[in-house]
Every structure is written in structure tokens, then in C-alpha cells.
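One file, work22.tsv, carrying TSV, C-alpha atoms and all ligand atoms:
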```
chain	number	residue	atom	x	y	z
K	1	MET	CA	79.48	123.05	93.44
K	2	LYS	CA	82.11	120.79	91.90
K	3	PRO	CA	84.94	119.59	94.17
K	4	MET	CA	88.20	121.54	93.91
K	5	ILE	CA	91.24	119.42	92.98
K	6	VAL	CA	94.90	120.40	92.91
K	7	VAL	CA	96.91	118.79	90.11
K	8	TYR	CA	100.62	118.82	90.94
K	9	LYS	CA	102.09	116.69	88.18
K	10	THR	CA	101.78	117.14	84.43
K	11	LEU	CA	98.79	115.11	83.26
K	12	PRO	CA	98.14	113.97	79.69
K	13	ALA	CA	95.61	116.35	78.10
K	14	ASP	CA	92.88	113.70	77.84
K	15	VAL	CA	93.23	112.77	81.51
K	16	LEU	CA	93.03	116.41	82.58
K	17	ALA	CA	89.96	116.86	80.35
K	18	TYR	CA	88.38	113.77	81.95
K	19	LEU	CA	88.97	115.21	85.41
K	20	ASN	CA	87.58	118.58	84.36
K	21	GLU	CA	84.29	116.95	83.37
K	22	HIS	CA	83.73	116.16	87.04
K	23	VAL	CA	85.75	118.57	89.16
K	24	GLU	CA	87.36	122.02	89.13
K	25	THR	CA	91.13	121.82	88.85
K	26	ILE	CA	93.96	124.08	89.92
K	27	VAL	CA	96.94	122.98	87.86
K	28	LEU	CA	100.45	123.43	89.26
K	29	ASP	CA	102.44	122.12	86.36
K	30	PRO	CA	105.95	121.05	87.38
K	31	GLU	CA	107.00	121.05	83.73
K	32	LEU	CA	106.52	124.80	83.58
K	33	GLY	CA	109.97	125.05	85.09
K	34	ALA	CA	109.26	125.87	88.73
K	35	SER	CA	111.80	124.50	91.17
K	36	HIS	CA	110.82	121.63	93.43
K	37	GLU	CA	110.71	124.07	96.31
K	38	ALA	CA	108.38	126.44	94.46
K	39	LEU	CA	106.10	123.52	93.61
K	40	PHE	CA	106.11	122.42	97.25
K	41	TRP	CA	105.01	125.85	98.49
K	42	ALA	CA	102.47	126.32	95.70
K	43	LEU	CA	100.96	122.96	96.66
K	44	HIS	CA	101.01	123.91	100.34
K	45	LEU	CA	98.99	127.02	99.52
K	46	ALA	CA	96.63	125.45	96.99
K	47	LEU	CA	95.69	122.56	99.29
K	48	SER	CA	94.15	125.00	101.76
K	49	GLY	CA	91.00	125.24	99.64
K	50	ALA	CA	91.06	121.81	98.02
K	51	ASP	CA	88.90	118.71	98.35
K	52	GLY	CA	91.53	116.52	96.73
K	53	ALA	CA	94.90	116.43	95.02
K	54	ILE	CA	96.53	114.33	92.33
K	55	GLY	CA	100.24	114.23	91.61
K	56	ALA	CA	103.53	112.64	92.59
K	57	SER	CA	107.05	113.19	93.88
K	58	VAL	CA	106.27	115.82	96.54
K	59	LYS	CA	106.46	115.00	100.24
K	60	ILE	CA	103.11	115.77	101.89
K	61	THR	CA	103.82	117.21	105.35
K	62	PRO	CA	101.65	117.49	108.48
K	63	ALA	CA	101.76	121.30	108.11
K	64	MET	CA	100.25	121.03	104.65
K	65	LEU	CA	97.46	118.85	106.00
K	66	ASP	CA	96.88	121.15	108.99
K	67	ALA	CA	96.25	123.92	106.49
K	68	ALA	CA	93.87	121.83	104.35
K	69	PRO	CA	90.64	121.43	106.31
K	70	ARG	CA	88.54	120.31	103.32
K	71	LEU	CA	90.95	117.70	101.97
K	72	LYS	CA	89.33	114.28	101.53
K	73	VAL	CA	91.45	112.43	98.96
K	74	LEU	CA	95.10	112.33	97.95
K	75	SER	CA	95.69	110.40	94.73
K	76	THR	CA	99.33	109.64	94.07
K	77	ILE	CA	100.45	108.77	90.56
K	78	SER	CA	102.79	106.09	91.83
K	79	VAL	CA	102.71	102.73	93.48
K	80	GLY	CA	105.10	103.93	96.20
K	81	ILE	CA	103.45	105.79	99.08
K	82	ASP	CA	106.55	106.86	100.97
K	83	ASN	CA	105.78	110.56	100.40
K	84	PHE	CA	102.88	110.20	102.84
K	85	ASP	CA	102.44	109.39	106.50
K	86	VAL	CA	99.64	106.89	105.98
K	87	ASP	CA	98.70	106.58	109.67
K	88	ASP	CA	98.41	110.34	109.95
K	89	LEU	CA	96.16	110.49	106.86
K	90	THR	CA	94.00	107.73	108.32
K	91	ARG	CA	93.68	109.60	111.62
K	92	ARG	CA	92.61	112.69	109.69
K	93	GLY	CA	90.08	110.72	107.61
K	94	ILE	CA	91.87	111.42	104.33
K	95	VAL	CA	91.89	108.63	101.73
K	96	LEU	CA	95.18	107.87	100.01
K	97	THR	CA	95.01	106.11	96.64
K	98	HIS	CA	97.87	104.83	94.49
K	99	THR	CA	98.50	103.13	91.14
K	100	PRO	CA	99.74	99.54	91.51
K	101	ASP	CA	99.58	96.96	88.68
K	102	VAL	CA	99.63	99.34	85.71
K	103	LEU	CA	103.36	99.97	86.16
K	104	THR	CA	104.48	96.46	87.09
K	105	GLU	CA	105.68	95.28	83.70
K	106	SER	CA	107.47	98.44	82.59
K	107	THR	CA	109.25	98.68	85.93
K	108	ALA	CA	110.35	95.04	85.64
K	109	ASP	CA	111.63	95.90	82.15
K	110	THR	CA	113.71	98.72	83.64
K	111	VAL	CA	115.20	96.35	86.20
K	112	PHE	CA	116.17	93.97	83.44
K	113	ALA	CA	117.65	96.85	81.45
K	114	LEU	CA	119.86	97.57	84.46
K	115	ILE	CA	120.84	93.91	84.84
K	116	LEU	CA	121.84	93.67	81.19
K	117	ALA	CA	123.47	97.10	81.10
K	118	THR	CA	125.67	96.38	84.11
K	119	ALA	CA	126.53	92.76	83.28
K	120	ARG	CA	127.26	93.43	79.61
K	121	ARG	CA	128.69	96.93	80.19
K	122	VAL	CA	126.29	98.33	77.63
K	123	VAL	CA	126.51	102.01	78.58
K	124	GLU	CA	130.28	102.07	79.06
K	125	LEU	CA	130.97	100.28	75.77
K	126	ALA	CA	128.42	102.30	73.80
K	127	GLU	CA	130.20	105.44	75.01
K	128	TRP	CA	133.54	103.86	74.07
K	129	VAL	CA	132.31	103.31	70.50
K	130	LYS	CA	130.90	106.84	70.29
K	131	ALA	CA	134.23	108.21	71.46
K	132	GLY	CA	135.83	106.61	68.37
K	133	ARG	CA	137.88	104.16	70.41
K	134	TRP	CA	136.85	100.96	68.59
K	135	HIS	CA	139.89	100.28	66.44
K	136	GLY	CA	140.66	96.56	66.36
K	137	SER	CA	138.65	93.57	67.44
K	138	ILE	CA	137.47	93.64	71.03
K	139	GLY	CA	139.07	91.48	73.71
K	140	PRO	CA	138.83	90.64	77.42
K	141	ALA	CA	139.06	94.33	78.30
K	142	GLN	CA	135.57	94.70	76.85
K	143	TYR	CA	134.04	91.44	78.03
K	144	GLY	CA	131.16	91.41	80.45
K	145	VAL	CA	129.57	88.54	82.36
K	146	ASP	CA	126.66	86.29	81.44
K	147	VAL	CA	123.16	86.98	82.68
K	148	HIS	CA	121.45	83.80	81.43
K	149	GLY	CA	121.83	80.83	83.71
K	150	LYS	CA	122.92	82.92	86.71
K	151	THR	CA	121.22	83.32	90.09
K	152	LEU	CA	118.87	86.24	90.59
K	153	GLY	CA	118.13	87.26	94.17
K	154	ILE	CA	114.92	89.26	94.58
K	155	VAL	CA	114.48	91.06	97.89
K	156	GLY	CA	110.69	91.45	98.10
K	157	LEU	CA	108.56	89.30	95.83
K	158	GLY	CA	105.49	91.48	95.33
K	159	ARG	CA	104.02	92.47	91.99
K	160	ILE	CA	107.22	93.81	90.41
K	161	GLY	CA	109.38	91.11	92.00
K	162	SER	CA	107.11	88.45	90.52
K	163	ALA	CA	107.27	90.03	87.06
K	164	LEU	CA	111.04	89.95	87.42
K	165	ALA	CA	111.04	86.29	88.48
K	166	ARG	CA	109.00	85.46	85.37
K	167	ARG	CA	111.43	87.24	83.07
K	168	ALA	CA	114.42	85.66	84.81
K	169	ALA	CA	113.15	82.08	84.86
K	170	LEU	CA	111.32	81.89	81.54
K	171	GLY	CA	113.38	84.30	79.47
K	172	PHE	CA	116.89	83.89	80.84
K	173	GLY	CA	116.93	80.43	82.40
K	174	MET	CA	118.00	81.92	85.72
K	175	ARG	CA	117.73	80.38	89.16
K	176	VAL	CA	115.55	82.62	91.32
K	177	LEU	CA	115.95	83.13	95.06
K	178	TYR	CA	113.74	85.52	96.98
K	179	THR	CA	112.95	86.93	100.40
K	180	ASN	CA	109.45	87.96	101.32
K	181	ARG	CA	107.24	88.09	104.39
K	182	HIS	CA	105.03	85.42	102.87
K	183	ALA	CA	105.79	82.57	100.52
K	184	ASN	CA	104.75	83.30	96.94
K	185	GLU	CA	103.43	79.94	95.83
K	186	VAL	CA	102.62	81.06	92.30
K	187	ALA	CA	106.21	82.18	91.71
K	188	GLU	CA	107.52	79.02	93.34
K	189	ARG	CA	105.42	76.75	91.12
K	190	ALA	CA	105.64	78.71	87.89
K	191	PHE	CA	109.20	80.02	88.03
K	192	GLY	CA	110.92	77.68	90.47
K	193	ALA	CA	111.57	80.62	92.80
K	194	ARG	CA	112.92	79.58	96.20
K	195	ARG	CA	112.30	81.55	99.40
K	196	VAL	CA	115.46	81.88	101.49
K	197	ALA	CA	116.81	84.06	104.29
K	198	LEU	CA	118.39	87.37	103.24
K	199	ALA	CA	121.83	86.07	104.29
K	200	GLN	CA	121.57	83.13	101.88
K	201	LEU	CA	120.27	85.30	99.08
K	202	LEU	CA	123.15	87.74	99.52
K	203	ALA	CA	125.69	84.92	99.63
K	204	GLU	CA	124.44	83.13	96.50
K	205	ALA	CA	122.94	85.69	94.13
K	206	ASP	CA	124.84	87.01	91.11
K	207	PHE	CA	122.34	89.85	90.87
K	208	VAL	CA	120.61	91.21	93.96
K	209	CYS	CA	117.46	93.17	93.04
K	210	LEU	CA	115.76	95.29	95.69
K	211	GLN	CA	111.99	95.29	95.20
K	212	VAL	CA	110.67	96.27	98.62
K	213	PRO	CA	108.77	99.47	99.38
K	214	LEU	CA	110.47	102.09	101.55
K	215	THR	CA	109.21	101.74	105.12
K	216	PRO	CA	110.86	102.25	108.52
K	217	GLU	CA	111.77	98.52	108.38
K	218	THR	CA	113.41	98.62	104.95
K	219	ARG	CA	115.24	101.96	105.31
K	220	GLY	CA	118.96	101.13	105.27
K	221	LEU	CA	118.26	97.41	104.76
K	222	ILE	CA	121.40	97.11	102.64
K	223	GLY	CA	124.40	98.53	104.46
K	224	ALA	CA	128.12	97.76	104.70
K	225	ALA	CA	127.58	94.31	106.27
K	226	GLU	CA	125.06	93.21	103.65
K	227	LEU	CA	127.27	94.44	100.81
K	228	LYS	CA	130.17	92.52	102.30
K	229	ALA	CA	127.98	89.41	102.46
K	230	MET	CA	127.47	89.56	98.67
K	231	LYS	CA	129.82	87.79	96.24
K	232	ARG	CA	132.65	89.96	94.96
K	233	SER	CA	131.36	89.22	91.47
K	234	ALA	CA	127.78	90.23	92.33
K	235	ILE	CA	125.87	93.24	91.04
K	236	LEU	CA	123.32	95.22	93.08
K	237	ILE	CA	120.23	96.50	91.27
K	238	ASN	CA	117.99	99.09	92.91
K	239	ALA	CA	114.89	100.41	91.16
K	240	SER	CA	112.72	100.67	94.29
K	241	ARG	CA	113.80	103.49	96.61
K	242	GLY	CA	117.28	104.89	97.19
K	243	ALA	CA	117.07	104.98	100.98
K	244	ILE	CA	116.83	101.18	101.15
K	245	VAL	CA	120.58	101.23	100.57
K	246	ASP	CA	123.17	103.06	102.65
K	247	GLU	CA	124.59	105.02	99.71
K	248	ALA	CA	127.90	105.88	101.39
K	249	ALA	CA	128.48	102.19	102.14
K	250	LEU	CA	127.57	101.33	98.55
K	251	ILE	CA	130.10	103.83	97.19
K	252	ASP	CA	132.79	102.27	99.39
K	253	ALA	CA	131.83	98.76	98.32
K	254	LEU	CA	131.94	99.68	94.64
K	255	ALA	CA	135.20	101.58	94.91
K	256	SER	CA	136.95	98.84	96.89
K	257	GLY	CA	135.72	95.89	94.81
K	258	THR	CA	133.58	94.42	97.60
K	259	ILE	CA	130.93	93.99	94.90
K	260	ALA	CA	131.36	94.14	91.15
K	261	GLY	CA	128.83	96.77	90.15
K	262	ALA	CA	125.51	98.48	90.63
K	263	GLY	CA	122.57	99.40	88.45
K	264	LEU	CA	120.66	102.21	90.10
K	265	ASP	CA	117.43	103.94	89.13
K	266	VAL	CA	116.87	105.51	92.55
K	267	PHE	CA	119.02	107.41	95.03
K	268	GLU	CA	118.95	108.68	98.60
K	269	ARG	CA	118.47	112.20	97.18
K	270	GLU	CA	116.87	112.80	93.82
K	271	PRO	CA	117.82	114.33	91.48
K	272	LEU	CA	121.26	112.81	92.06
K	273	SER	CA	123.81	115.56	92.54
K	274	ALA	CA	126.22	115.95	89.62
K	275	ASP	CA	129.14	115.62	92.03
K	276	SER	CA	127.98	112.30	93.52
K	277	PRO	CA	130.93	109.86	93.71
K	278	LEU	CA	128.61	107.28	92.15
K	279	LEU	CA	128.96	109.06	88.83
K	280	SER	CA	132.70	108.62	88.60
K	281	LEU	CA	132.61	104.88	89.27
K	282	PRO	CA	132.95	102.91	86.02
K	283	ASN	CA	131.02	99.95	87.43
K	284	VAL	CA	127.83	101.96	88.02
K	285	VAL	CA	124.93	102.50	85.65
K	286	ALA	CA	122.77	105.35	86.97
K	287	LEU	CA	119.34	106.20	85.58
K	288	PRO	CA	117.10	109.18	86.48
K	289	HIS	CA	114.29	107.20	88.21
K	290	ILE	CA	112.72	105.96	84.98
K	291	GLY	CA	111.26	102.72	86.39
K	292	SER	CA	107.76	103.31	85.03
K	293	ALA	CA	108.60	106.10	82.62
K	294	THR	CA	107.20	104.99	79.28
K	295	HIS	CA	104.51	106.90	77.39
K	296	GLU	CA	102.09	103.99	77.71
K	297	THR	CA	102.64	103.31	81.39
K	298	ARG	CA	102.71	106.94	82.54
K	299	HIS	CA	99.45	107.49	80.66
K	300	ALA	CA	97.88	104.44	82.32
K	301	MET	CA	99.11	105.61	85.74
K	302	ALA	CA	97.65	109.10	85.27
K	303	ARG	CA	94.32	107.69	84.11
K	304	CYS	CA	94.24	105.20	87.00
K	305	ALA	CA	95.03	107.96	89.52
K	306	ALA	CA	92.30	110.19	88.06
K	307	GLU	CA	89.77	107.35	88.26
K	308	ASN	CA	90.88	106.58	91.83
K	309	LEU	CA	90.41	110.21	92.80
K	310	LEU	CA	86.91	110.53	91.34
K	311	ALA	CA	85.77	107.18	92.75
K	312	ALA	CA	87.11	108.06	96.20
K	313	LEU	CA	85.37	111.45	96.14
K	314	ALA	CA	82.14	109.67	95.21
K	315	GLY	CA	82.68	107.18	98.06
K	316	ALA	CA	82.76	104.36	95.52
K	317	LEU	CA	86.38	103.26	95.52
K	318	GLU	CA	87.03	99.57	96.07
K	319	ARG	CA	90.63	99.13	95.02
K	320	ASN	CA	93.95	100.99	95.03
K	321	VAL	CA	93.35	102.44	98.49
K	322	ALA	CA	96.42	102.55	100.70
K	323	ASN	CA	94.38	103.15	103.87
K	324	PRO	CA	91.07	101.30	103.42
K	325	GLU	CA	90.36	101.76	107.15
K	326	VAL	CA	89.26	105.29	106.32
K	327	LEU	CA	86.53	103.91	104.10
K	328	THR	CA	85.35	101.16	106.43
K	329	GLY	CA	85.75	102.85	109.80
K	330	ARG	CA	83.93	106.06	109.01
K	331	THR	CA	82.65	108.17	106.18
K	332	LEU	CA	84.82	110.67	104.36
K	333	ARG	CA	85.31	114.10	105.79
K	334	SER	CA	82.49	116.35	104.70
T	1	LIG	C1	107.38	107.25	89.59
T	1	LIG	C2	107.56	105.29	91.25
T	1	LIG	O1	108.67	107.63	89.34
T	1	LIG	O2	105.38	104.41	91.20
T	1	LIG	C3	106.36	104.69	91.87
T	1	LIG	O3	106.39	104.45	93.10
T	1	LIG	O4	108.57	105.36	91.83
T	1	LIG	C4	107.48	105.79	89.86
T	1	LIG	O5	106.60	105.06	89.09
T	1	LIG	C5	107.02	108.31	90.54
T	1	LIG	O6	106.05	107.98	91.38
T	1	LIG	C6	106.69	109.62	89.81
T	1	LIG	O7	105.48	109.54	89.11
```
Starting from the file, give its structure as C-alpha cells.
Amino acid sequence: MKPMIVVYKTLPADVLAYLNEHVETIVLDPELGASHEALFWALHLALSGADGAIGASVKITPAMLDAAPRLKVLSTISVGIDNFDVDDLTRRGIVLTHTPDVLTESTADTVFALILATARRVVELAEWVKAGRWHGSIGPAQYGVDVHGKTLGIVGLGRIGSALARRAALGFGMRVLYTNRHANEVAERAFGARRVALAQLLAEADFVCLQVPLTPETRGLIGAAELKAMKRSAILINASRGAIVDEAALIDALASGTIAGAGLDVFEREPLSADSPLLSLPNVVALPHIGSATHETRHAMARCAAENLLAALAGALERNVANPEVLTGRTLRS
């Protein structure tokens, strides 16, 4: 009998066909218009008979896992694994796989889009033109600030942070400061990146980019004190996870001029509520979590997640495992 797999994110047709060559699938397609809550409960139910699941953007709870005695593999179509309690999965002998690398460059592109959009006021001024308000020549009221030659502060120099450092140093002649648990010698040699304490990064950076994963240690990393420690002219860019920033403190800092602006792709609660105060602040560019959302990258992520899933089910996965202890310490659940 083929393994039974729950698919809880829309997959490209060729990736679904590839999966169906090897497994049986139950497809819960979020694009069919079900609410997030309906998808959550449908997944809860479907997991009870499943050997594996592939999808993204739904929190996997202990109750779901309690009700899924056959589950062996969860394959998330994301690099972030904050929708899972990894230790709990490891205890239960369930492999968690994710999709690093394939989304690095497009996510770094999104970060740069936010840097340019906020510094050069791209969204605000494009709307101004569309509103028919461009009458004479533009003046200081429409000026932005330079990006090239400025200081970029990267909080977390992993894969995406490094791709950002490369763009900043080689493409924009920027000085790069970073914080990270370990020194990144490649980025230091190739891009002149300098590892500093968070306090120094906040004090000196013109753009502060958050590139850390969401963990208990990084939750609320940027609060009122950290925002106050930034330059008044600085811009905060967050395309990692919303909860790394205290959103209420950020709203205060933006409204009071403690910092100059923010480019945000992620929020404490997503989708961002239409009445969020962030949306009425002129110095904010808000995007709907599009970090990796290009046709090419989303296809590569889906394919990678499908390959991860099949390899893990076959006991042959060597990379992209978030909890490799499950593979080394014991065999998969049978
Ligand atoms: C996706 C992401 O938005 O990979 C991640 O961690 O945040 C994004 O690439 C998300 O996982 C939905 O697919």
C-alpha cells in the first residue's frame, strides 16, 4: 500500500503529479477559498490517517499530533520552522523537513525591494503620481535618502543575511555590519562585513535588517529600547518573522519619529488586519509576506519539499532535516 500524504498548500500540478507517482494524496487546497480555520480543522482530521504531510503556514499543534498515530514525516514548504515544536516532533519520532537555499536569493531581493522602497519612497510617490498630483517639477517634499554608500546592519548573517551582504557590498557600495552567533568569515572576506554587538549595529546602521529565525530567544528581540537605540534617520526592515519585533513599540517609534521608517513583509498576526495603525503611517511600506513569492522560487520550494518528503519516507534523506536526531537516534515510526 502506498503511504497516505496530506497536502495542505496548493502545489504546482507537476509537483502534485510527481508525488502521486509514489504516494496517495489527500489534497486540502487552501486556494479553494476555505478559511484558515477550516483548513486547520480539515488538516487536524486528515492527519489522523496520514503517514506524512506537506504544506505551509498552519501551526501544527500537539493535539493534531496526538490524533495522528501513523505520522512519520512533516515536510514544510518554507525555510522557517516556527509552526512546529521541533523537540516535540523529535520525541515523537516524526521527521521535520524544510526548504532552505532555494529561496535565499528571492528573499534577499525582497529585502532589497523594501530598502529601496522605503528609502526612495517608491510606493508613496507612485501612488502620488497615480492620483494625478504630479503637476510641476518635484522638490524636497518628494526627496528620499540614498541607499548606496550607507551602512547596512544585518541581524543574523545566515543564508539570506549573506545574500543581502553580497548585494549591499558589491551592488550598492554599502558598509555592512552584522550580528551572529558565529563569525561569518566568507562574508567578512568577500564583502567586508564586520561582526559587532547588537548595540553597535543599532547605533550605526542606516538600515537595520532582521534576518534571524523566530525562536524563544529572538521573540521580541526588537522592542522600545532597541528602537530608541537606532538613529532617528534609520529604517527598520523585517522580512523574517513579525514576532521578532514588538509591533506596538514599532508603531510608537514610527509615529513619534524615533526612527524614520519601516519596510515590513511580516507581522505579529498575518494577514495584517485592515485597521492596523501601521497602515496609516506614511513612513511604512507593508507587503503581504511575499519574501519568497516568485513563480520560480515557489515552484522550486514545492519541488524541494516533495523530494524531502519522499526521501524521508524512504529513510534516505540526508539534507534539509530540521531534526536529524530522529534519523540518527532511531528508525522512523513504523
Ligand atoms: C513562505 C517563509 O511565506 O520560507 C519561509 O519561512 O516565510 C516563506 O517563504 C511561507 O513559508 C509560505 O510558504
For ligand LIG 1 (chain T), which of K:Lys228, K:Arg298, K:Lys2, K:Lys59 is the closest residue, counting only C-alpha atoms and all ligand atoms?
-> K:Arg298
Report the distance between atom CA of Tyr178 of chain K and atom CA of Leu236 of chain K in Å, rounded to one decimal place.
->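 If I compute the distance from atom CA of Tyr178 of chain K to atom CA of Leu236 of chain K, I get 14.2 Å.
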Please check which protein, DNA or RNA residues sit within 8 Å of ligand LIG 1 (chain T), counting all atoms listed in the file, and write them as a list in words.
->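 The residues near ligand LIG 1 (chain T) are Lys9, Gly55, Ala56, Ser57, Thr76, Ile77, Ser78, Val79, Gly80, Ile81, Thr99, Pro100, Leu103, Thr107, Ser240, Arg241, His289, Ile290, Gly291, Ser292, Ala293 and Arg298 of chain K.
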Could those selected residues go to a file with C-alpha atoms, as a compact mmCIF listing (two decimals), in the coordinates of the input?
```
# COMPACT_ATOMS: atom_id res chain seq x y z
CA LYS K 9 102.09 116.69 88.18
CA GLY K 55 100.24 114.23 91.61
CA ALA K 56 103.53 112.64 92.59
CA SER K 57 107.05 113.19 93.88
CA THR K 76 99.33 109.64 94.07
CA ILE K 77 100.45 108.77 90.56
CA SER K 78 102.79 106.09 91.83
CA VAL K 79 102.71 102.73 93.48
CA GLY K 80 105.10 103.93 96.20
CA ILE K 81 103.45 105.79 99.08
CA THR K 99 98.50 103.13 91.14
CA PRO K 100 99.74 99.54 91.51
CA LEU K 103 103.36 99.97 86.16
CA THR K 107 109.25 98.68 85.93
CA SER K 240 112.72 100.67 94.29
CA ARG K 241 113.80 103.49 96.61
CA HIS K 289 114.29 107.20 88.21
CA ILE K 290 112.72 105.96 84.98
CA GLY K 291 111.26 102.72 86.39
CA SER K 292 107.76 103.31 85.03
CA ALA K 293 108.60 106.10 82.62
CA ARG K 298 102.71 106.94 82.54
```
So which one's closest to His148 of chain K, K:Val176, K:Ala163, K:Ala53, K:Val123? Using only C-alpha atoms, please.
-> K:Val176
Show which residues sit within 7 Å of segment 150-152 of chain K, as a VMD selection string. Count only C-alpha atoms, and ignore same-chain residues fewer than 4 positions away.
-> chain K and resid 174 to 177 205 to 208
Nearest-residue call for Ala239 of chain K, choices K:Pro30, K:Pro62, K:Ile160, K:Ser273, using all atoms listed in the file =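 Smallest separation from Ala239 of chain K among the options: K:Ile160.
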Please identify all polymer residues within 9 Å of segment 270-272 of chain K, counting all atoms listed in the file, omitting same-chain residues fewer than 3 positions from it, and present them as a PDB file with C-alpha atoms, in the coordinates of the input.
```pdb
ATOM      1  CA  GLY K 242     117.280 104.890  97.190  1.00  0.00           C
ATOM      2  CA  VAL K 266     116.870 105.510  92.550  1.00  0.00           C
ATOM      3  CA  PHE K 267     119.020 107.410  95.030  1.00  0.00           C
ATOM      4  CA  ASP K 275     129.140 115.620  92.030  1.00  0.00           C
ATOM      5  CA  SER K 276     127.980 112.300  93.520  1.00  0.00           C
ATOM      6  CA  PRO K 288     117.100 109.180  86.480  1.00  0.00           C
ATOM      7  CA  HIS K 289     114.290 107.200  88.210  1.00  0.00           C
TER       8      HIS K 289
END
```
Give me, please, the distance in Å between atom CA of Thr297 of chain K and atom CA of His98 of chain K, quoted to one decimal.
->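 We find that atom CA of Thr297 of chain K and atom CA of His98 of chain K lie 14.0 Å from each other.
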Nearest to His299 of chain K among K:Ser35, K:Ala17, K:Val102, K:Glu127, with distances taken over all atoms listed in the file: which residue is it?
->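 With all atoms listed in the file as the atom set, the closest residue is K:Val102.
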Any chance you could build segment 291-303 of chain K out to N, CA and C atoms and write it as a PDB file, in the coordinates of the input?
```
ATOM      1  N   GLY K 291     111.910 104.037  86.240  1.00  0.00           N
ATOM      2  CA  GLY K 291     111.260 102.720  86.390  1.00  0.00           C
ATOM      3  C   GLY K 291     110.000 102.548  85.552  1.00  0.00           C
ATOM      4  N   SER K 292     109.054 103.453  85.727  1.00  0.00           N
ATOM      5  CA  SER K 292     107.760 103.310  85.030  1.00  0.00           C
ATOM      6  C   SER K 292     107.617 104.296  83.878  1.00  0.00           C
ATOM      7  N   ALA K 293     108.709 104.948  83.520  1.00  0.00           N
ATOM      8  CA  ALA K 293     108.600 106.100  82.620  1.00  0.00           C
ATOM      9  C   ALA K 293     108.568 105.728  81.135  1.00  0.00           C
ATOM     10  N   THR K 294     107.456 105.139  80.717  1.00  0.00           N
ATOM     11  CA  THR K 294     107.200 104.990  79.280  1.00  0.00           C
ATOM     12  C   THR K 294     105.917 105.775  78.993  1.00  0.00           C
ATOM     13  N   HIS K 295     105.724 106.153  77.742  1.00  0.00           N
ATOM     14  CA  HIS K 295     104.510 106.900  77.390  1.00  0.00           C
ATOM     15  C   HIS K 295     103.265 106.113  77.795  1.00  0.00           C
ATOM     16  N   GLU K 296     103.285 104.806  77.459  1.00  0.00           N
ATOM     17  CA  GLU K 296     102.090 103.990  77.710  1.00  0.00           C
ATOM     18  C   GLU K 296     101.810 103.881  79.210  1.00  0.00           C
ATOM     19  N   THR K 297     102.854 103.568  79.965  1.00  0.00           N
ATOM     20  CA  THR K 297     102.640 103.310  81.390  1.00  0.00           C
ATOM     21  C   THR K 297     102.306 104.598  82.140  1.00  0.00           C
ATOM     22  N   ARG K 298     103.012 105.691  81.826  1.00  0.00           N
ATOM     23  CA  ARG K 298     102.710 106.940  82.540  1.00  0.00           C
ATOM     24  C   ARG K 298     101.281 107.409  82.214  1.00  0.00           C
ATOM     25  N   HIS K 299     100.822 107.131  80.993  1.00  0.00           N
ATOM     26  CA  HIS K 299      99.450 107.490  80.660  1.00  0.00           C
ATOM     27  C   HIS K 299      98.486 106.635  81.491  1.00  0.00           C
ATOM     28  N   ALA K 300      98.755 105.347  81.548  1.00  0.00           N
ATOM     29  CA  ALA K 300      97.880 104.440  82.320  1.00  0.00           C
ATOM     30  C   ALA K 300      97.882 104.808  83.797  1.00  0.00           C
ATOM     31  N   MET K 301      99.042 105.214  84.322  1.00  0.00           N
ATOM     32  CA  MET K 301      99.110 105.610  85.740  1.00  0.00           C
ATOM     33  C   MET K 301      98.281 106.860  86.003  1.00  0.00           C
ATOM     34  N   ALA K 302      98.393 107.844  85.090  1.00  0.00           N
ATOM     35  CA  ALA K 302      97.650 109.100  85.270  1.00  0.00           C
ATOM     36  C   ALA K 302      96.152 108.831  85.213  1.00  0.00           C
ATOM     37  N   ARG K 303      95.746 108.009  84.250  1.00  0.00           N
ATOM     38  CA  ARG K 303      94.320 107.690  84.110  1.00  0.00           C
ATOM     39  C   ARG K 303      93.827 106.937  85.370  1.00  0.00           C
TER      40      ARG K 303
END
```
